[in-house]
Amino acid sequence: MPGANQKYAEVWKELGTKVQFLRKTAGLSQAKLAEKIEKTEDTISNIERGIGCTKLETLIDICDVLGTNIIDLFSLKNVDYTSKKKSELVRQIIDIISSYKEKDIENILTILEKIGEIE
């Protein structure tokens, strides 16, 4: 099934991009992240480039260091990873609202959707 291999490769590449985004936002080098999770720098590099696959345990360790969780790692979407400023702003918003009550977050979402309609 050649199509499946390509599909999996795209998933790993997207995941790697997310790990890189979170690592850079946290101000960590690949070497420092590797040290914190007791892996090699090559392991982090391979993950970020989407080469091969990695164990779930390794991804969970990465999430712990980067202050996120595995579900958020897989659910981040439509973030412009090329803009460091934008990614930092998105991260700050997530950090701020993560402690809010569910109803307050729903209200914020409604407001943001209304702002999007204006543009």
# chains A, B, ... in the order shown; residues from 1 in each chain; ligands from 1
>>> residues_around(residues="Asn46 in chain A", least_positions_apart="4", cutoff="12 Å", atoms="only C-alpha atoms", output="PDB file with C-alpha atoms, in the first residue's frame")
ATOM      1  CA  TRP A  12       5.153  12.342  11.134  1.00  0.00           C
ATOM      2  CA  LYS A  13       6.343  15.447   9.300  1.00  0.00           C
ATOM      3  CA  LEU A  15       4.045  16.179  14.161  1.00  0.00           C
ATOM      4  CA  GLY A  16       7.735  17.033  13.860  1.00  0.00           C
ATOM      5  CA  THR A  17       6.899  20.567  12.801  1.00  0.00           C
ATOM      6  CA  VAL A  19       7.442  19.619  18.176  1.00  0.00           C
ATOM      7  CA  GLN A  20       9.904  22.069  16.633  1.00  0.00           C
ATOM      8  CA  GLN A  30      17.507  20.433  20.228  1.00  0.00           C
ATOM      9  CA  ALA A  34      17.375  15.888  24.164  1.00  0.00           C
ATOM     10  CA  LYS A  39      17.705  11.064  24.302  1.00  0.00           C
ATOM     11  CA  THR A  40      20.227  12.063  21.663  1.00  0.00           C
ATOM     12  CA  GLU A  41      20.124  15.292  19.710  1.00  0.00           C
ATOM     13  CA  ASP A  42      19.788  13.140  16.572  1.00  0.00           C
ATOM     14  CA  GLY A  50       9.522  13.613  10.411  1.00  0.00           C
ATOM     15  CA  ILE A  51      12.047  10.896   9.758  1.00  0.00           C
ATOM     16  CA  GLY A  52      10.848   7.469  10.842  1.00  0.00           C
ATOM     17  CA  CYS A  53       8.654   7.216  13.867  1.00  0.00           C
ATOM     18  CA  THR A  54       9.181   7.477  17.579  1.00  0.00           C
TER      19      THR A  54
END
>>> residues_around(residues="Ile37 in chain A", least_positions_apart="2", cutoff="12 Å", atoms="only C-alpha atoms", output="NGL selection string")
:A and (30-35 or 39-41 or 43-44 or 57-66)
>>> atom_distance(atom1="CA of Lys18 in chain A", atom2="CA of Leu112 in chain A")
23.2 Å
>>> select_by_dssp(residues="chain A", states="helix (DSSP H, G or I)", output="PyMOL selection string")
chain A and resi 2-25+30-36+41-49+56-66+70-75+84-97+102-118
>>> atom_distance(atom1="CA of Ile93 in chain A", atom2="CA of Arg23 in chain A")
17.0 Å
>>> atom_distance(atom1="CA of Leu109 in chain A", atom2="CA of Asp95 in chain A")
15.0 Å
>>> closest_residue(among="A:Gly67, A:Thr110, A:Gly116, A:Ile94", to="Ala26 in chain A", atoms="only C-alpha atoms")
A:Gly67
